[in-house]
$ cat structure-v5.cif   # mmCIF, N, CA and C atoms, pLDDT in the B column; chains and numbers go by the auth columns
data_my_file
loop_
_atom_site.group_PDB
_atom_site.id
_atom_site.type_symbol
_atom_site.label_atom_id
_atom_site.label_comp_id
_atom_site.label_asym_id
_atom_site.label_seq_id
_atom_site.Cartn_x
_atom_site.Cartn_y
_atom_site.Cartn_z
_atom_site.B_iso_or_equiv
_atom_site.auth_seq_id
_atom_site.auth_asym_id
ATOM 1 N N MET A 1 -7.358 -8.580 -8.655 62.00 1 A
ATOM 2 C CA MET A 1 -7.954 -7.322 -8.216 62.00 1 A
ATOM 3 C C MET A 1 -7.743 -6.256 -9.289 62.00 1 A
ATOM 4 N N ASP A 2 -8.795 -5.554 -9.619 72.00 2 A
ATOM 5 C CA ASP A 2 -8.718 -4.488 -10.614 72.00 2 A
ATOM 6 C C ASP A 2 -8.255 -3.213 -9.919 72.00 2 A
ATOM 7 N N THR A 3 -7.106 -2.697 -10.330 71.00 3 A
ATOM 8 C CA THR A 3 -6.544 -1.512 -9.673 71.00 3 A
ATOM 9 C C THR A 3 -6.835 -0.219 -10.438 71.00 3 A
ATOM 10 N N SER A 4 -7.704 -0.296 -11.459 82.00 4 A
ATOM 11 C CA SER A 4 -8.010 0.918 -12.207 82.00 4 A
ATOM 12 C C SER A 4 -9.185 1.657 -11.568 82.00 4 A
ATOM 13 N N LEU A 5 -9.205 2.952 -11.762 89.00 5 A
ATOM 14 C CA LEU A 5 -10.304 3.782 -11.263 89.00 5 A
ATOM 15 C C LEU A 5 -11.409 3.821 -12.297 89.00 5 A
ATOM 16 N N SER A 6 -12.622 4.004 -11.845 93.00 6 A
ATOM 17 C CA SER A 6 -13.748 4.112 -12.767 93.00 6 A
ATOM 18 C C SER A 6 -13.647 5.415 -13.563 93.00 6 A
ATOM 19 N N PHE A 7 -14.385 5.463 -14.647 94.00 7 A
ATOM 20 C CA PHE A 7 -14.429 6.674 -15.457 94.00 7 A
ATOM 21 C C PHE A 7 -14.901 7.858 -14.615 94.00 7 A
ATOM 22 N N ASN A 8 -15.933 7.622 -13.791 95.00 8 A
ATOM 23 C CA ASN A 8 -16.481 8.708 -12.971 95.00 8 A
ATOM 24 C C ASN A 8 -15.448 9.235 -11.974 95.00 8 A
ATOM 25 N N ALA A 9 -14.660 8.350 -11.376 94.00 9 A
ATOM 26 C CA ALA A 9 -13.637 8.784 -10.424 94.00 9 A
ATOM 27 C C ALA A 9 -12.552 9.593 -11.133 94.00 9 A
ATOM 28 N N ARG A 10 -12.104 9.106 -12.299 93.00 10 A
ATOM 29 C CA ARG A 10 -11.080 9.853 -13.064 93.00 10 A
ATOM 30 C C ARG A 10 -11.613 11.210 -13.515 93.00 10 A
ATOM 31 N N LYS A 11 -12.868 11.239 -13.956 94.00 11 A
ATOM 32 C CA LYS A 11 -13.481 12.497 -14.410 94.00 11 A
ATOM 33 C C LYS A 11 -13.588 13.489 -13.256 94.00 11 A
ATOM 34 N N ALA A 12 -14.007 13.008 -12.078 96.00 12 A
ATOM 35 C CA ALA A 12 -14.117 13.886 -10.909 96.00 12 A
ATOM 36 C C ALA A 12 -12.755 14.457 -10.535 96.00 12 A
ATOM 37 N N LEU A 13 -11.712 13.637 -10.581 94.00 13 A
ATOM 38 C CA LEU A 13 -10.367 14.141 -10.289 94.00 13 A
ATOM 39 C C LEU A 13 -9.958 15.209 -11.302 94.00 13 A
ATOM 40 N N SER A 14 -10.232 14.959 -12.573 94.00 14 A
ATOM 41 C CA SER A 14 -9.875 15.935 -13.616 94.00 14 A
ATOM 42 C C SER A 14 -10.632 17.246 -13.449 94.00 14 A
ATOM 43 N N VAL A 15 -11.914 17.158 -13.126 96.00 15 A
ATOM 44 C CA VAL A 15 -12.730 18.370 -12.964 96.00 15 A
ATOM 45 C C VAL A 15 -12.256 19.162 -11.748 96.00 15 A
ATOM 46 N N GLN A 16 -12.004 18.480 -10.645 95.00 16 A
ATOM 47 C CA GLN A 16 -11.637 19.163 -9.410 95.00 16 A
ATOM 48 C C GLN A 16 -10.190 19.642 -9.393 95.00 16 A
ATOM 49 N N LEU A 17 -9.284 18.882 -10.014 95.00 17 A
ATOM 50 C CA LEU A 17 -7.851 19.188 -9.910 95.00 17 A
ATOM 51 C C LEU A 17 -7.214 19.631 -11.221 95.00 17 A
ATOM 52 N N GLY A 18 -7.910 19.467 -12.323 96.00 18 A
ATOM 53 C CA GLY A 18 -7.329 19.725 -13.633 96.00 18 A
ATOM 54 C C GLY A 18 -6.859 18.404 -14.224 96.00 18 A
ATOM 55 N N ASP A 19 -6.702 18.375 -15.536 96.00 19 A
ATOM 56 C CA ASP A 19 -6.371 17.119 -16.224 96.00 19 A
ATOM 57 C C ASP A 19 -5.037 16.529 -15.781 96.00 19 A
ATOM 58 N N ALA A 20 -3.991 17.337 -15.764 96.00 20 A
ATOM 59 C CA ALA A 20 -2.658 16.815 -15.431 96.00 20 A
ATOM 60 C C ALA A 20 -2.596 16.317 -13.988 96.00 20 A
ATOM 61 N N ALA A 21 -3.074 17.120 -13.059 96.00 21 A
ATOM 62 C CA ALA A 21 -3.035 16.728 -11.646 96.00 21 A
ATOM 63 C C ALA A 21 -3.969 15.551 -11.380 96.00 21 A
ATOM 64 N N GLY A 22 -5.133 15.536 -12.014 95.00 22 A
ATOM 65 C CA GLY A 22 -6.072 14.430 -11.849 95.00 22 A
ATOM 66 C C GLY A 22 -5.481 13.123 -12.318 95.00 22 A
ATOM 67 N N GLU A 23 -4.807 13.152 -13.470 94.00 23 A
ATOM 68 C CA GLU A 23 -4.160 11.950 -13.990 94.00 23 A
ATOM 69 C C GLU A 23 -3.004 11.512 -13.094 94.00 23 A
ATOM 70 N N GLU A 24 -2.277 12.465 -12.553 95.00 24 A
ATOM 71 C CA GLU A 24 -1.170 12.145 -11.643 95.00 24 A
ATOM 72 C C GLU A 24 -1.682 11.454 -10.372 95.00 24 A
ATOM 73 N N ILE A 25 -2.763 11.980 -9.811 95.00 25 A
ATOM 74 C CA ILE A 25 -3.354 11.379 -8.606 95.00 25 A
ATOM 75 C C ILE A 25 -3.912 9.993 -8.928 95.00 25 A
ATOM 76 N N ALA A 26 -4.578 9.844 -10.057 94.00 26 A
ATOM 77 C CA ALA A 26 -5.123 8.547 -10.454 94.00 26 A
ATOM 78 C C ALA A 26 -4.001 7.525 -10.631 94.00 26 A
ATOM 79 N N ASP A 27 -2.899 7.951 -11.237 94.00 27 A
ATOM 80 C CA ASP A 27 -1.751 7.066 -11.428 94.00 27 A
ATOM 81 C C ASP A 27 -1.144 6.663 -10.082 94.00 27 A
ATOM 82 N N LEU A 28 -1.025 7.605 -9.173 95.00 28 A
ATOM 83 C CA LEU A 28 -0.501 7.312 -7.833 95.00 28 A
ATOM 84 C C LEU A 28 -1.391 6.300 -7.109 95.00 28 A
ATOM 85 N N ILE A 29 -2.697 6.468 -7.210 94.00 29 A
ATOM 86 C CA ILE A 29 -3.636 5.535 -6.578 94.00 29 A
ATOM 87 C C ILE A 29 -3.470 4.140 -7.175 94.00 29 A
ATOM 88 N N ARG A 30 -3.334 4.046 -8.492 93.00 30 A
ATOM 89 C CA ARG A 30 -3.133 2.744 -9.144 93.00 30 A
ATOM 90 C C ARG A 30 -1.851 2.089 -8.661 93.00 30 A
ATOM 91 N N GLN A 31 -0.760 2.860 -8.582 94.00 31 A
ATOM 92 C CA GLN A 31 0.522 2.317 -8.115 94.00 31 A
ATOM 93 C C GLN A 31 0.420 1.832 -6.672 94.00 31 A
ATOM 94 N N MET A 32 -0.236 2.609 -5.828 94.00 32 A
ATOM 95 C CA MET A 32 -0.387 2.223 -4.420 94.00 32 A
ATOM 96 C C MET A 32 -1.233 0.954 -4.302 94.00 32 A
ATOM 97 N N ALA A 33 -2.294 0.848 -5.081 93.00 33 A
ATOM 98 C CA ALA A 33 -3.146 -0.341 -5.040 93.00 33 A
ATOM 99 C C ALA A 33 -2.375 -1.576 -5.479 93.00 33 A
ATOM 100 N N ARG A 34 -1.557 -1.438 -6.535 92.00 34 A
ATOM 101 C CA ARG A 34 -0.733 -2.573 -6.975 92.00 34 A
ATOM 102 C C ARG A 34 0.270 -2.967 -5.909 92.00 34 A
ATOM 103 N N ARG A 35 0.897 -1.985 -5.250 92.00 35 A
ATOM 104 C CA ARG A 35 1.886 -2.264 -4.211 92.00 35 A
ATOM 105 C C ARG A 35 1.239 -2.948 -3.004 92.00 35 A
ATOM 106 N N ILE A 36 0.072 -2.479 -2.602 90.00 36 A
ATOM 107 C CA ILE A 36 -0.649 -3.098 -1.483 90.00 36 A
ATOM 108 C C ILE A 36 -0.991 -4.547 -1.827 90.00 36 A
ATOM 109 N N GLU A 37 -1.464 -4.775 -3.044 89.00 37 A
ATOM 110 C CA GLU A 37 -1.795 -6.134 -3.472 89.00 37 A
ATOM 111 C C GLU A 37 -0.550 -7.025 -3.430 89.00 37 A
ATOM 112 N N GLU A 38 0.572 -6.507 -3.898 89.00 38 A
ATOM 113 C CA GLU A 38 1.835 -7.249 -3.885 89.00 38 A
ATOM 114 C C GLU A 38 2.252 -7.585 -2.451 89.00 38 A
ATOM 115 N N LEU A 39 2.134 -6.620 -1.546 87.00 39 A
ATOM 116 C CA LEU A 39 2.496 -6.854 -0.149 87.00 39 A
ATOM 117 C C LEU A 39 1.571 -7.882 0.494 87.00 39 A
ATOM 118 N N GLU A 40 0.295 -7.837 0.185 85.00 40 A
ATOM 119 C CA GLU A 40 -0.645 -8.811 0.735 85.00 40 A
ATOM 120 C C GLU A 40 -0.331 -10.218 0.250 85.00 40 A
ATOM 121 N N ARG A 41 0.095 -10.354 -1.009 85.00 41 A
ATOM 122 C CA ARG A 41 0.432 -11.677 -1.545 85.00 41 A
ATOM 123 C C ARG A 41 1.710 -12.228 -0.927 85.00 41 A
ATOM 124 N N SER A 42 2.672 -11.360 -0.620 85.00 42 A
ATOM 125 C CA SER A 42 3.965 -11.827 -0.125 85.00 42 A
ATOM 126 C C SER A 42 4.058 -11.825 1.398 85.00 42 A
ATOM 127 N N LYS A 43 2.977 -11.498 2.075 77.00 43 A
ATOM 128 C CA LYS A 43 2.972 -11.425 3.537 77.00 43 A
ATOM 129 C C LYS A 43 3.248 -12.804 4.134 77.00 43 A
ATOM 130 N N VAL A 44 4.113 -12.841 5.125 71.00 44 A
ATOM 131 C CA VAL A 44 4.401 -14.081 5.843 71.00 44 A
ATOM 132 C C VAL A 44 4.178 -13.839 7.331 71.00 44 A
ATOM 133 N N ASN A 45 3.826 -14.887 8.027 65.00 45 A
ATOM 134 C CA ASN A 45 3.685 -14.797 9.476 65.00 45 A
ATOM 135 C C ASN A 45 5.062 -14.956 10.103 65.00 45 A
ATOM 136 N N VAL A 46 5.339 -14.153 11.106 65.00 46 A
ATOM 137 C CA VAL A 46 6.629 -14.198 11.788 65.00 46 A
ATOM 138 C C VAL A 46 6.448 -14.905 13.119 65.00 46 A
ATOM 139 N N THR A 47 7.250 -15.935 13.334 66.00 47 A
ATOM 140 C CA THR A 47 7.207 -16.669 14.590 66.00 47 A
ATOM 141 C C THR A 47 8.421 -16.281 15.409 66.00 47 A
ATOM 142 N N PRO A 48 8.238 -15.812 16.632 66.00 48 A
ATOM 143 C CA PRO A 48 9.391 -15.448 17.454 66.00 48 A
ATOM 144 C C PRO A 48 10.247 -16.670 17.772 66.00 48 A
ATOM 145 N N VAL A 49 11.560 -16.484 17.800 69.00 49 A
ATOM 146 C CA VAL A 49 12.499 -17.570 18.088 69.00 49 A
ATOM 147 C C VAL A 49 12.505 -17.870 19.578 69.00 49 A
ATOM 148 N N ALA A 50 12.443 -16.855 20.400 65.00 50 A
ATOM 149 C CA ALA A 50 12.441 -17.017 21.857 65.00 50 A
ATOM 150 C C ALA A 50 11.156 -16.411 22.411 65.00 50 A
ATOM 151 N N PRO A 51 10.654 -16.965 23.509 65.00 51 A
ATOM 152 C CA PRO A 51 9.469 -16.367 24.118 65.00 51 A
ATOM 153 C C PRO A 51 9.729 -14.932 24.550 65.00 51 A
ATOM 154 N N ASP A 52 8.685 -14.119 24.532 66.00 52 A
ATOM 155 C CA ASP A 52 8.810 -12.709 24.893 66.00 52 A
ATOM 156 C C ASP A 52 9.248 -12.512 26.327 66.00 52 A
ATOM 157 N N ASN A 53 8.967 -13.464 27.222 70.00 53 A
ATOM 158 C CA ASN A 53 9.294 -13.289 28.635 70.00 53 A
ATOM 159 C C ASN A 53 10.657 -13.865 29.005 70.00 53 A
ATOM 160 N N SER A 54 11.489 -14.173 28.012 63.00 54 A
ATOM 161 C CA SER A 54 12.813 -14.730 28.317 63.00 54 A
ATOM 162 C C SER A 54 13.717 -13.638 28.871 63.00 54 A
ATOM 163 N N PRO A 55 14.604 -13.997 29.835 65.00 55 A
ATOM 164 C CA PRO A 55 15.499 -12.979 30.432 65.00 55 A
ATOM 165 C C PRO A 55 16.536 -12.486 29.426 65.00 55 A
ATOM 166 N N VAL A 56 16.925 -11.239 29.566 64.00 56 A
ATOM 167 C CA VAL A 56 17.935 -10.652 28.704 64.00 56 A
ATOM 168 C C VAL A 56 19.284 -10.820 29.403 64.00 56 A
ATOM 169 N N ILE A 57 20.257 -11.359 28.668 69.00 57 A
ATOM 170 C CA ILE A 57 21.594 -11.594 29.218 69.00 57 A
ATOM 171 C C ILE A 57 22.469 -10.409 28.864 69.00 57 A
ATOM 172 N N SER A 58 23.046 -9.771 29.864 65.00 58 A
ATOM 173 C CA SER A 58 23.922 -8.631 29.645 65.00 58 A
ATOM 174 C C SER A 58 25.349 -9.121 29.425 65.00 58 A
ATOM 175 N N LEU A 59 25.991 -8.594 28.400 71.00 59 A
ATOM 176 C CA LEU A 59 27.372 -8.985 28.097 71.00 59 A
ATOM 177 C C LEU A 59 28.379 -7.979 28.618 71.00 59 A
ATOM 178 N N GLY A 60 27.966 -6.986 29.330 59.00 60 A
ATOM 179 C CA GLY A 60 28.905 -5.971 29.752 59.00 60 A
ATOM 180 C C GLY A 60 28.874 -5.714 31.164 59.00 60 A
#

$ encode --input "structure-v5.cif" --output "structure tokens"
Amino acid sequence: MDTSLSFNARKALSVQLGDAAGEEIADLIRQMARRIEELERSKVNVTPVAPDNSPVISLG
């Protein structure tokens, strides 16, 4: 997956927010996209050990 923004998207951010802020937002978006991709790759299905309707045993 390509996590870079298009030239037009980066230019729009720079025009609307200024160069420094636009680059900061673009960098944040790239980091978030990479993190989401990483989480999607490492996602595992969780299987419950006990059924949800099992009784709860009180120890006190």

$ atom_distance --input "structure-v5.cif" --atom1 "atom CA of A:Ala9" --atom2 "atom CA of A:Arg41"
26.4 Å

$ atom_distance --input "structure-v5.cif" --atom1 "atom CA of A:Glu24" --atom2 "atom CA of A:Glu37"
20.0 Å

$ atom_distance --input "structure-v5.cif" --atom1 "atom CA of A:Gln31" --atom2 "atom CA of A:Leu5"
11.4 Å

$ residues_around --input "structure-v5.cif" --residues "A:Asp2" --least-positions-apart "5" --cutoff "8 Å" --atoms "all atoms listed in the file" --output "MDAnalysis selection string"
chainID A and resid 30 33:34

$ closest_residue --input "structure-v5.cif" --among "A:Ile29, A:Val15, A:Ala20, A:Leu59" --to "A:Thr3" --atoms "all atoms listed in the file"
A:Ile29
